[in-house]
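Peer 1: Structure file run39.txt (compact mmCIF, C-alpha atoms) right here:
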```
# COMPACT_ATOMS: atom_id res chain seq x y z
CA MET A 1 88.68 164.17 79.21
CA THR A 2 89.40 167.77 80.08
CA ALA A 3 88.12 169.52 83.13
CA ASP A 4 87.25 172.51 80.94
CA SER A 5 84.19 173.12 78.84
CA ILE A 6 84.47 172.37 75.13
CA SER A 7 82.83 174.18 72.25
CA PRO A 8 82.92 173.03 68.65
CA LEU A 9 84.95 174.81 66.04
CA PRO A 10 83.09 176.67 63.30
CA ARG A 11 82.69 175.24 59.88
CA THR A 12 85.71 175.84 57.66
CA SER A 13 85.61 177.52 54.28
CA ALA A 14 85.91 174.18 52.48
CA ALA A 15 82.65 172.42 51.67
CA PRO A 16 81.92 169.88 54.38
CA ARG A 17 81.90 166.23 53.44
CA GLN A 18 78.50 164.56 53.39
CA ALA A 19 78.17 162.19 56.32
CA PRO A 20 77.02 158.61 55.55
CA ALA A 21 73.38 157.87 56.31
CA ALA A 22 74.35 155.51 59.14
CA VAL A 23 76.35 158.26 60.81
CA VAL A 24 73.49 160.74 60.41
CA ALA A 25 71.12 158.26 62.06
CA MET A 26 73.61 157.63 64.86
CA VAL A 27 74.00 161.34 65.55
CA GLN A 28 70.24 161.86 65.54
CA LEU A 29 69.83 159.16 68.20
CA ILE A 30 72.52 160.88 70.29
CA ARG A 31 70.93 164.30 69.92
CA ASP A 32 67.47 163.02 70.77
CA THR A 33 68.62 161.19 73.90
CA TRP A 34 70.81 164.07 75.02
CA ALA A 35 67.87 166.48 74.71
CA LYS A 36 65.98 164.24 77.14
CA SER A 37 69.01 163.92 79.44
CA GLU A 38 70.19 167.53 79.56
CA PRO A 39 67.68 168.71 82.21
CA TYR A 40 69.22 166.12 84.54
CA ALA A 41 72.83 167.06 83.84
CA PRO A 42 73.73 167.64 87.55
CA GLU A 43 72.50 164.18 88.54
CA ILE A 44 74.14 162.57 85.52
CA SER A 45 77.40 164.35 86.30
CA GLN A 46 77.39 163.17 89.90
CA PHE A 47 76.82 159.57 88.80
CA PHE A 48 79.46 159.91 86.08
CA TYR A 49 82.20 161.14 88.40
CA GLY A 50 81.41 158.51 91.01
CA MET A 51 81.66 155.79 88.38
CA LEU A 52 84.79 157.25 86.79
CA PHE A 53 86.70 157.55 90.06
CA THR A 54 85.71 153.99 90.94
CA LEU A 55 86.86 152.58 87.60
CA ALA A 56 90.02 154.70 87.37
CA PRO A 57 90.94 156.27 90.72
CA ALA A 58 93.97 158.02 89.20
CA THR A 59 91.67 160.27 87.16
CA ARG A 60 90.67 162.06 90.38
CA ASP A 61 93.97 163.95 90.13
CA PHE A 62 92.90 165.42 86.79
CA PHE A 63 90.21 167.50 88.49
CA PRO A 64 90.16 170.26 91.13
CA ILE A 65 89.94 169.36 94.79
CA ASN A 66 86.55 171.10 95.03
CA MET A 67 84.41 169.22 92.54
CA GLU A 68 81.58 171.74 92.94
CA VAL A 69 83.67 174.08 90.81
CA GLN A 70 83.77 171.42 88.12
CA GLY A 71 80.00 171.10 87.89
CA GLY A 72 78.62 169.36 84.81
CA ARG A 73 81.24 170.65 82.40
CA ILE A 74 82.64 167.33 81.31
CA ILE A 75 79.23 165.82 80.57
CA ARG A 76 78.20 168.84 78.48
CA ALA A 77 81.58 168.76 76.77
CA LEU A 78 81.38 165.08 75.88
CA ALA A 79 77.85 165.46 74.58
CA ARG A 80 78.80 168.40 72.35
CA VAL A 81 81.74 166.54 70.91
CA VAL A 82 79.96 163.28 70.15
CA GLN A 83 77.18 165.25 68.46
CA MET A 84 79.77 166.47 65.93
CA VAL A 85 80.70 163.05 64.52
CA ASP A 86 78.75 163.79 61.33
CA ARG A 87 80.95 166.86 60.69
CA PRO A 88 84.43 165.35 60.26
CA ASP A 89 85.94 168.44 58.64
CA ASP A 90 85.20 170.34 61.84
CA LEU A 91 85.51 167.57 64.37
CA LEU A 92 88.77 165.84 63.49
CA PRO A 93 91.08 168.90 63.62
CA PHE A 94 89.46 169.87 66.91
CA LEU A 95 89.88 166.39 68.40
CA ARG A 96 93.51 166.25 67.34
CA GLN A 97 94.17 169.50 69.16
CA LEU A 98 92.19 168.27 72.14
CA GLY A 99 94.09 164.99 72.26
CA ARG A 100 97.40 166.84 72.31
CA ASP A 101 96.05 169.14 75.02
CA HIS A 102 95.09 166.21 77.25
CA ARG A 103 98.67 165.03 77.45
CA LYS A 104 99.19 167.61 80.19
CA PHE A 105 97.01 165.46 82.51
CA GLY A 106 98.95 162.27 81.85
CA VAL A 107 95.91 160.70 80.19
CA ALA A 108 96.46 157.08 79.08
CA PRO A 109 94.30 154.85 76.83
CA LYS A 110 92.82 153.10 79.88
CA HIS A 111 91.49 156.46 81.07
CA TYR A 112 89.58 156.98 77.83
CA GLU A 113 88.00 153.56 78.29
CA ALA A 114 86.96 154.45 81.83
CA VAL A 115 85.49 157.78 80.72
CA GLY A 116 83.45 156.07 77.99
CA THR A 117 82.17 153.41 80.34
CA ALA A 118 81.24 155.97 83.01
CA LEU A 119 79.49 158.21 80.47
CA LEU A 120 77.32 155.42 79.08
CA ALA A 121 76.52 154.13 82.56
CA ALA A 122 75.46 157.61 83.74
CA LEU A 123 73.19 158.14 80.73
CA LYS A 124 71.71 154.66 81.03
CA ASN A 125 71.00 155.20 84.71
CA HIS A 126 68.88 158.29 84.00
CA LEU A 127 67.29 157.38 80.67
CA GLY A 128 65.89 154.09 81.94
CA PRO A 129 63.75 152.28 79.30
CA GLU A 130 64.67 154.86 76.66
CA TRP A 131 68.25 153.56 76.79
CA THR A 132 67.75 151.00 74.02
CA PRO A 133 70.44 148.80 72.44
CA GLU A 134 70.38 151.12 69.42
CA VAL A 135 70.95 154.19 71.60
CA GLU A 136 73.77 152.50 73.50
CA ARG A 137 75.45 151.46 70.26
CA ALA A 138 75.19 155.00 68.86
CA TRP A 139 76.82 156.58 71.93
CA ALA A 140 79.48 153.88 72.13
CA GLU A 141 80.44 154.20 68.47
CA ALA A 142 80.55 157.98 68.63
CA PHE A 143 82.70 157.97 71.74
CA THR A 144 85.04 155.42 70.13
CA ILE A 145 85.55 157.76 67.16
CA VAL A 146 86.29 160.66 69.50
CA ALA A 147 88.68 158.70 71.73
CA ARG A 148 90.59 157.16 68.83
CA ALA A 149 91.22 160.53 67.14
CA MET A 150 92.41 162.07 70.39
CA GLN A 151 94.70 159.17 71.28
CA GLU A 152 96.28 159.06 67.83
CA ALA A 153 97.03 162.79 67.93
CA ALA A 154 98.47 162.52 71.44
CA ALA A 155 100.71 159.62 70.46
CA ALA A 156 102.05 161.50 67.41
CA ASP A 157 102.84 164.77 69.22
CA GLU A 158 106.56 165.33 69.86
CA ASN A 159 106.12 168.64 71.72
CA PRO A 160 106.11 168.86 75.52
CA ALA A 161 102.83 167.92 77.21
CA SER A 162 102.89 171.36 78.86
CA TRP A 163 105.21 174.30 79.37
CA SER A 164 106.26 176.06 82.57
CA ALA A 165 106.18 179.85 82.32
CA THR A 166 107.33 182.46 84.81
CA VAL A 167 105.34 185.63 85.37
CA VAL A 168 107.57 188.64 84.71
CA GLU A 169 104.88 191.34 84.75
CA HIS A 170 101.48 191.77 86.35
CA ARG A 171 99.81 195.11 85.79
CA ARG A 172 96.26 196.16 86.65
CA LEU A 173 94.75 198.00 83.68
CA THR A 174 91.46 198.58 85.49
CA TRP A 175 90.05 197.40 88.83
CA ASP A 176 88.90 194.11 87.24
CA LEU A 177 91.40 193.71 84.40
CA ALA A 178 95.07 192.75 84.41
CA LEU A 179 97.84 192.39 81.87
CA VAL A 180 100.10 189.43 82.62
CA ARG A 181 103.32 188.69 80.74
CA VAL A 182 105.03 185.33 81.11
CA ILE A 183 108.26 183.84 79.78
CA PRO A 184 107.99 180.08 79.08
CA ASP A 185 110.92 177.79 79.86
CA GLN A 186 111.04 177.07 76.13
CA PRO A 187 109.15 178.63 73.22
CA VAL A 188 105.50 177.65 72.84
CA PRO A 189 104.73 176.97 69.15
CA TYR A 190 101.50 178.94 68.90
CA SER A 191 100.14 180.84 65.94
CA PRO A 192 98.62 184.33 66.33
CA GLY A 193 94.90 183.91 67.01
CA GLN A 194 95.20 180.67 68.95
CA TYR A 195 94.44 180.14 72.63
CA MET A 196 95.81 177.78 75.27
CA SER A 197 94.85 176.34 78.63
CA VAL A 198 96.51 177.83 81.69
CA GLU A 199 96.95 176.58 85.26
CA VAL A 200 98.00 179.10 87.92
CA PRO A 201 99.48 178.25 91.36
CA GLN A 202 96.60 179.94 93.20
CA ARG A 203 94.08 177.54 91.60
CA PRO A 204 95.73 174.12 91.01
CA ARG A 205 93.97 171.76 88.59
CA LEU A 206 91.57 174.50 87.46
CA TRP A 207 92.69 174.88 83.86
CA ARG A 208 91.24 177.82 81.96
CA TYR A 209 91.64 179.05 78.39
CA LEU A 210 93.42 182.33 77.65
CA SER A 211 94.47 183.89 74.35
CA PRO A 212 97.91 185.41 73.80
CA ALA A 213 97.60 189.08 72.86
CA ASN A 214 100.86 189.17 70.90
CA ALA A 215 102.49 187.33 68.04
CA PRO A 216 105.39 185.02 69.04
CA ARG A 217 108.45 186.94 70.19
CA GLU A 218 112.14 186.09 70.04
CA ASP A 219 112.28 185.90 73.84
CA GLY A 220 109.19 183.65 73.86
CA GLY A 221 107.23 186.16 75.96
CA ILE A 222 103.44 185.84 75.97
CA GLU A 223 101.05 188.57 77.05
CA PHE A 224 97.60 187.74 78.42
CA HIS A 225 94.70 190.10 79.14
CA VAL A 226 92.51 188.73 81.94
CA ARG A 227 89.25 190.19 83.22
CA ALA A 228 87.85 189.02 86.57
CA VAL A 229 84.58 187.23 85.88
CA ASP A 230 81.82 187.26 88.50
CA GLY A 231 82.18 183.98 90.35
CA GLY A 232 85.28 183.14 88.33
CA TRP A 233 87.71 181.26 90.53
CA VAL A 234 90.66 181.48 88.14
CA SER A 235 90.18 184.90 86.57
CA ARG A 236 89.72 186.61 89.93
CA ALA A 237 92.79 184.89 91.31
CA ILE A 238 94.86 186.02 88.32
CA VAL A 239 93.69 189.63 88.49
CA SER A 240 93.97 189.99 92.28
CA HIS A 241 96.76 187.68 93.37
CA THR A 242 99.22 186.97 90.56
CA GLN A 243 102.75 188.18 91.29
CA ALA A 244 106.01 188.35 89.38
CA GLY A 245 107.85 185.08 89.92
CA ASP A 246 104.71 182.90 89.91
CA VAL A 247 105.11 179.82 87.74
CA TRP A 248 102.21 178.98 85.43
CA ARG A 249 101.64 175.86 83.36
CA LEU A 250 100.58 176.31 79.73
CA GLY A 251 98.85 173.67 77.65
CA PRO A 252 99.33 173.19 73.89
CA PRO A 253 97.93 175.86 71.54
CA LEU A 254 94.38 175.36 70.29
CA GLY A 255 92.15 176.97 67.70
CA ARG A 256 92.27 177.74 63.99
CA MET A 257 91.37 181.43 63.80
CA THR A 258 93.77 183.10 61.40
CA VAL A 259 94.18 185.49 58.47
CA ASN A 260 95.74 184.41 55.19
CA ARG A 261 97.35 187.69 54.19
CA GLU A 262 98.20 186.45 50.70
CA GLN A 263 94.76 185.19 49.76
CA SER A 264 92.28 187.33 51.70
CA ARG A 265 90.73 190.24 49.80
CA GLY A 266 89.49 191.93 52.97
CA VAL A 267 89.29 191.22 56.68
CA LEU A 268 86.59 192.16 59.17
CA MET A 269 87.39 191.66 62.85
CA VAL A 270 84.77 191.93 65.59
CA ALA A 271 86.03 191.95 69.20
CA GLY A 272 84.23 192.33 72.50
CA GLY A 273 86.18 193.14 75.68
CA THR A 274 89.20 190.91 76.23
CA GLY A 275 88.15 189.03 73.09
CA VAL A 276 90.37 191.58 71.36
CA ALA A 277 93.46 189.66 72.56
CA PRO A 278 93.68 186.98 69.81
CA LEU A 279 92.81 189.53 67.12
CA ARG A 280 95.47 191.86 68.50
CA ALA A 281 97.96 188.98 68.19
CA ILE A 282 96.99 188.56 64.53
CA LEU A 283 97.34 192.31 63.91
CA ASP A 284 100.71 192.24 65.69
CA HIS A 285 101.81 189.55 63.26
CA LEU A 286 100.41 191.29 60.17
CA ALA A 287 102.24 194.49 61.14
CA LEU A 288 105.51 192.75 60.27
CA TRP A 289 104.61 193.38 56.60
CA GLY A 290 104.10 196.71 54.89
CA GLU A 291 101.18 195.53 52.76
CA ASN A 292 98.20 193.55 53.97
CA PRO A 293 94.54 193.05 53.10
CA LYS A 294 92.36 195.98 54.13
CA THR A 295 91.37 195.18 57.69
CA ARG A 296 88.66 196.76 59.81
CA LEU A 297 88.34 196.03 63.52
CA PHE A 298 85.11 196.80 65.36
CA TYR A 299 86.07 196.88 69.03
CA GLY A 300 83.18 197.12 71.44
CA GLY A 301 81.86 196.99 74.98
CA PRO A 302 79.11 198.38 77.17
CA THR A 303 81.00 201.63 77.88
CA ARG A 304 84.17 203.47 76.88
CA GLU A 305 85.93 202.07 79.97
CA ASP A 306 85.55 198.55 78.57
CA LEU A 307 87.67 199.45 75.54
CA TYR A 308 90.88 199.19 77.53
CA ASP A 309 93.12 198.60 74.51
CA LEU A 310 91.68 201.29 72.24
CA GLU A 311 94.61 203.72 72.35
CA GLU A 312 97.15 200.97 71.64
CA LEU A 313 95.08 199.79 68.70
CA ARG A 314 94.72 203.33 67.34
CA ALA A 315 98.48 203.75 67.61
CA LEU A 316 98.93 200.55 65.61
CA ALA A 317 96.50 201.80 62.96
CA ALA A 318 98.33 205.14 62.73
CA THR A 319 101.42 203.40 61.38
CA ASN A 320 99.60 200.76 59.31
CA PRO A 321 97.31 202.30 56.68
CA TRP A 322 95.70 198.93 55.89
CA LEU A 323 94.10 198.91 59.36
CA THR A 324 90.99 200.82 60.53
CA ILE A 325 89.76 200.76 64.13
CA THR A 326 86.08 201.45 64.89
CA PRO A 327 85.12 201.66 68.58
CA VAL A 328 81.58 200.60 69.52
CA VAL A 329 79.85 201.38 72.83
CA GLU A 330 76.37 200.44 73.96
CA ARG A 331 75.89 203.44 76.23
CA GLY A 332 77.66 206.55 77.46
CA ASP A 333 79.19 209.64 75.93
CA HIS A 334 79.96 209.90 72.23
CA LEU A 335 83.53 209.14 71.14
CA PRO A 336 85.14 210.45 67.95
CA GLY A 337 84.59 207.89 65.22
CA CYS A 338 82.50 205.75 67.56
CA GLU A 339 79.47 203.64 66.71
CA HIS A 340 76.63 203.14 69.20
CA GLY A 341 74.80 199.92 69.95
CA THR A 342 75.90 196.33 70.25
CA LEU A 343 78.67 194.95 68.09
CA ALA A 344 76.10 192.88 66.20
CA GLU A 345 74.11 196.02 65.40
CA ALA A 346 77.15 198.09 64.45
CA VAL A 347 78.69 195.55 62.10
CA THR A 348 75.49 194.65 60.26
CA ARG A 349 74.74 198.31 59.50
CA TYR A 350 77.30 197.85 56.75
CA GLY A 351 75.58 194.85 55.24
CA ALA A 352 76.87 191.32 54.68
CA TRP A 353 80.57 192.13 54.18
CA PRO A 354 80.96 190.12 50.96
CA ASP A 355 84.51 189.17 49.95
CA HIS A 356 85.71 189.51 53.54
CA ASP A 357 87.11 187.00 55.97
CA ILE A 358 85.25 187.61 59.23
CA LEU A 359 86.79 186.90 62.64
CA VAL A 360 84.64 187.18 65.76
CA SER A 361 86.05 187.00 69.29
CA GLY A 362 84.51 187.66 72.69
CA SER A 363 82.20 186.08 75.21
CA PRO A 364 80.08 183.11 74.07
CA ALA A 365 76.96 185.31 74.25
CA MET A 366 78.59 188.04 72.15
CA ILE A 367 79.76 185.51 69.57
CA ARG A 368 76.31 183.91 69.29
CA ALA A 369 74.56 187.28 68.92
CA THR A 370 77.04 188.62 66.37
CA VAL A 371 77.26 185.52 64.21
CA SER A 372 73.48 185.05 64.21
CA ARG A 373 72.84 188.63 63.18
CA MET A 374 75.49 188.51 60.47
CA LEU A 375 73.94 185.38 59.00
CA VAL A 376 70.56 187.12 58.91
CA ALA A 377 72.23 190.11 57.24
CA GLY A 378 73.49 187.83 54.46
CA SER A 379 77.01 186.86 55.50
CA ALA A 380 77.89 183.30 54.60
CA LEU A 381 78.78 180.88 57.39
CA ASP A 382 81.98 179.89 55.63
CA GLN A 383 83.16 183.54 55.81
CA ILE A 384 83.09 183.51 59.61
CA GLN A 385 85.73 182.21 62.01
CA TYR A 386 85.38 182.02 65.77
CA ASP A 387 86.77 179.90 68.57
CA PRO A 388 84.21 179.92 71.37
CA PHE A 389 85.27 178.54 74.73
CA THR A 390 84.39 178.94 78.37
CA ALA A 391 86.62 181.61 79.85
CA ASP A 392 86.12 180.77 83.53
```
Would you mind writing the file out in structure tokens?

Peer 2:
Amino acid sequence: MTADSISPLPRTSAAPRQAPAAVVAMVQLIRDTWAKSEPYAPEISQFFYGMLFTLAPATRDFFPINMEVQGGRIIRALARVVQMVDRPDDLLPFLRQLGRDHRKFGVAPKHYEAVGTALLAALKNHLGPEWTPEVERAWAEAFTIVARAMQEAAAADENPASWSATVVEHRRLTWDLALVRVIPDQPVPYSPGQYMSVEVPQRPRLWRYLSPANAPREDGGIEFHVRAVDGGWVSRAIVSHTQAGDVWRLGPPLGRMTVNREQSRGVLMVAGGTGVAPLRAILDHLALWGENPKTRLFYGGPTREDLYDLEELRALAATNPWLTITPVVERGDHLPGCEHGTLAEAVTRYGAWPDHDILVSGSPAMIRATVSRMLVAGSALDQIQYDPFTAD
């Protein structure tokens, strides 16, 4: 399984299929036992990795040299995924993407078996008498579903397992923010709004997710906007040490955030900080057409300085009358046409946004706050798209 954290995809607009009662019961057992296990995640993780590297020593090469950086990500990731087995309309597309993404590690079926065995052993070791035959069967069956979907998708994928990409531009936009443009050795088949895992030479084996900020180009060039996160090993290395000529590795595209320009009646975009990148890629793509659904982008941050891409976005809106840009700042001087407060507060001042497709992108905390407040304001869950992931 990946060395990165995993977050589930949002529910799609289609009505979810009703899970069988047996699956519901299985998932409830998993959720109950995970709730009891979660406080001991560090100990469980340590046991898990020790067991995994004993069962399948080759998997050690999938992870960074310093395992302290890895922490308990894989345990939390596995738990989140297996808890989704009663939501196949969300889970299966996500697992197929994840299975294709794991090809970059050289993952083989025997590795999945080792991961499953190590996971169950780690949970059993810490749950003690609460690890009943019924609980073990529930976790085993859920993991089997997850592993099978991932392996089938990996086996069917004819694209490269990963792409090499050369850095052709590294430009500091602010002291803690950089624009990086890379040219892959062959085109990466991503759709605007998707994200992909990235490995940089300064931090080998530390894969992190980044979102392209542009629609696919003829030269294959991809632009990333990277902010240095406090304590972020990868983001700080990218911002401070990336140079033209560096060779990155890119994993397969992930995510399903998109705009259907032919069917959507209106689009609301909500972006915090560098979360504007995937939405900017979608806007870049939409700008190829003269007519599009009316689109409004709320672009926010704590201060004006955090809205690093505001002038570029306003320039795009000036030549595309279907697009409106609304800056949002939490504090500081007033800006023309600016809203004050958090993005969640600013967007919900306008109500529930009926008949709009809603795309939310930013930090996990920003996404949680915005989506929660929009649901309270009356927006329907099936209106909202987001692809949360751990940025560093």

Peer 1: Nearest to Thr59 in chain A: which of A:Val182, A:Val82, A:Val347, A:Ala108 is it, counting only C-alpha atoms?

Peer 2: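 Under the stated criterion, the closest residue is A:Ala108.
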
Peer 1: Write out as a list in words each polymer residue whose atoms come within 10 Å of Pro354 in chain A, counting all atoms listed in the file; drop sequence neighbours fewer than 6 positions from it.

Peer 2: Arg265, Gly266, Gly378, Ser379, Ala380 and Gln383 of chain A

Peer 1: At what distance in Å, to one decimal, does CA of Ile384 in chain A lie from CA of Leu316 in chain A?

Peer 2: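 Separating CA of Leu316 in chain A from CA of Ile384 in chain A is a distance of 24.0 Å.
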
Peer 1: Which residue is closest to Leu127 in chain A? Choose from A:Leu98, A:Leu206, A:Leu173, A:Ala35 and count all atoms listed in the file.

Peer 2: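 Of A:Leu98, A:Leu206, A:Leu173, A:Ala35, the one nearest Leu127 in chain A, counting all atoms listed in the file, is A:Ala35.
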
Peer 1: Could you jot down the CA of Ala213 in chain A to CA of Pro278 in chain A separation for me, Å, one decimal place?

Peer 2: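 One can read the CA of Ala213 in chain A to CA of Pro278 in chain A distance as 5.4 Å.
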
Peer 1: Rank nothing, just name the residue among A:Arg205, A:Val329, A:Asn125, A:Arg137 nearest to Ala25 in chain A, using all atoms listed in the file.

Peer 2: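 Comparing A:Arg205, A:Val329, A:Asn125, A:Arg137 against Ala25 in chain A, the winner is A:Arg137.
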
Peer 1: With a distance cut-off of 10 Å and only C-alpha atoms, select the neighbouring residues of range 371-375 of chain A, excluding the residue or stretch itself and same-chain residues fewer than 3 positions from it, and output the selection as a PyMOL selection string.

Peer 2: chain A and resi 270+343-345+347-349+351-353+358-360+366-368+378-381+383-386

Peer 1: Could you please give me, as a ChimeraX atom specification, the residues of protein, DNA or RNA lying at most 8 Å from (82.7, 155.6, 85.9) in the coordinate frame of the file, considering all atoms listed in the file?

Peer 2: /A:47-56,114-119,121-122

Peer 1: Name the closest residue to Gly275 in chain A among the candidates A:Trp175, A:Tyr350, A:Tyr299, A:Phe94; distances are taken between atoms, counting all atoms listed in the file.

Peer 2: A:Tyr299

Peer 1: Need the neighbours of (89.8, 185.3, 64.9): which residues are at most 12 Å away, counting all atoms listed in the file, as a PyMOL selection string?

Peer 2: chain A and resi 9-10+191-195+211+213+255-260+267-272+275-283+297+357-362+367+383-388

Peer 1: Please, what distance in Å, to one decimal, runs between CA of Asp219 in chain A and CA of Pro189 in chain A?

Peer 2: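 If I compute the distance from CA of Asp219 in chain A to CA of Pro189 in chain A, I get 12.6 Å.
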
Peer 1: What's the 10 Å shell around Trp233 in chain A, counting all atoms listed in the file, without same-chain residues fewer than 4 positions away, as a PyMOL selection string?

Peer 2: chain A and resi 69+202-203+206+208+228-229+237-238+392

Peer 1: So, counting only C-alpha atoms, which residue among A:Pro327, A:Gly301, A:Pro88, A:Pro252 is closest to Asn159 in chain A?

Peer 2: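 The shortest atom-to-atom distance to Asn159 in chain A comes from A:Pro252.
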
Peer 1: Nearest to Glu158 in chain A: which of A:Ala140, A:Arg100, A:Lys110, A:Asp246 is it, counting all atoms listed in the file?

Peer 2: A:Arg100
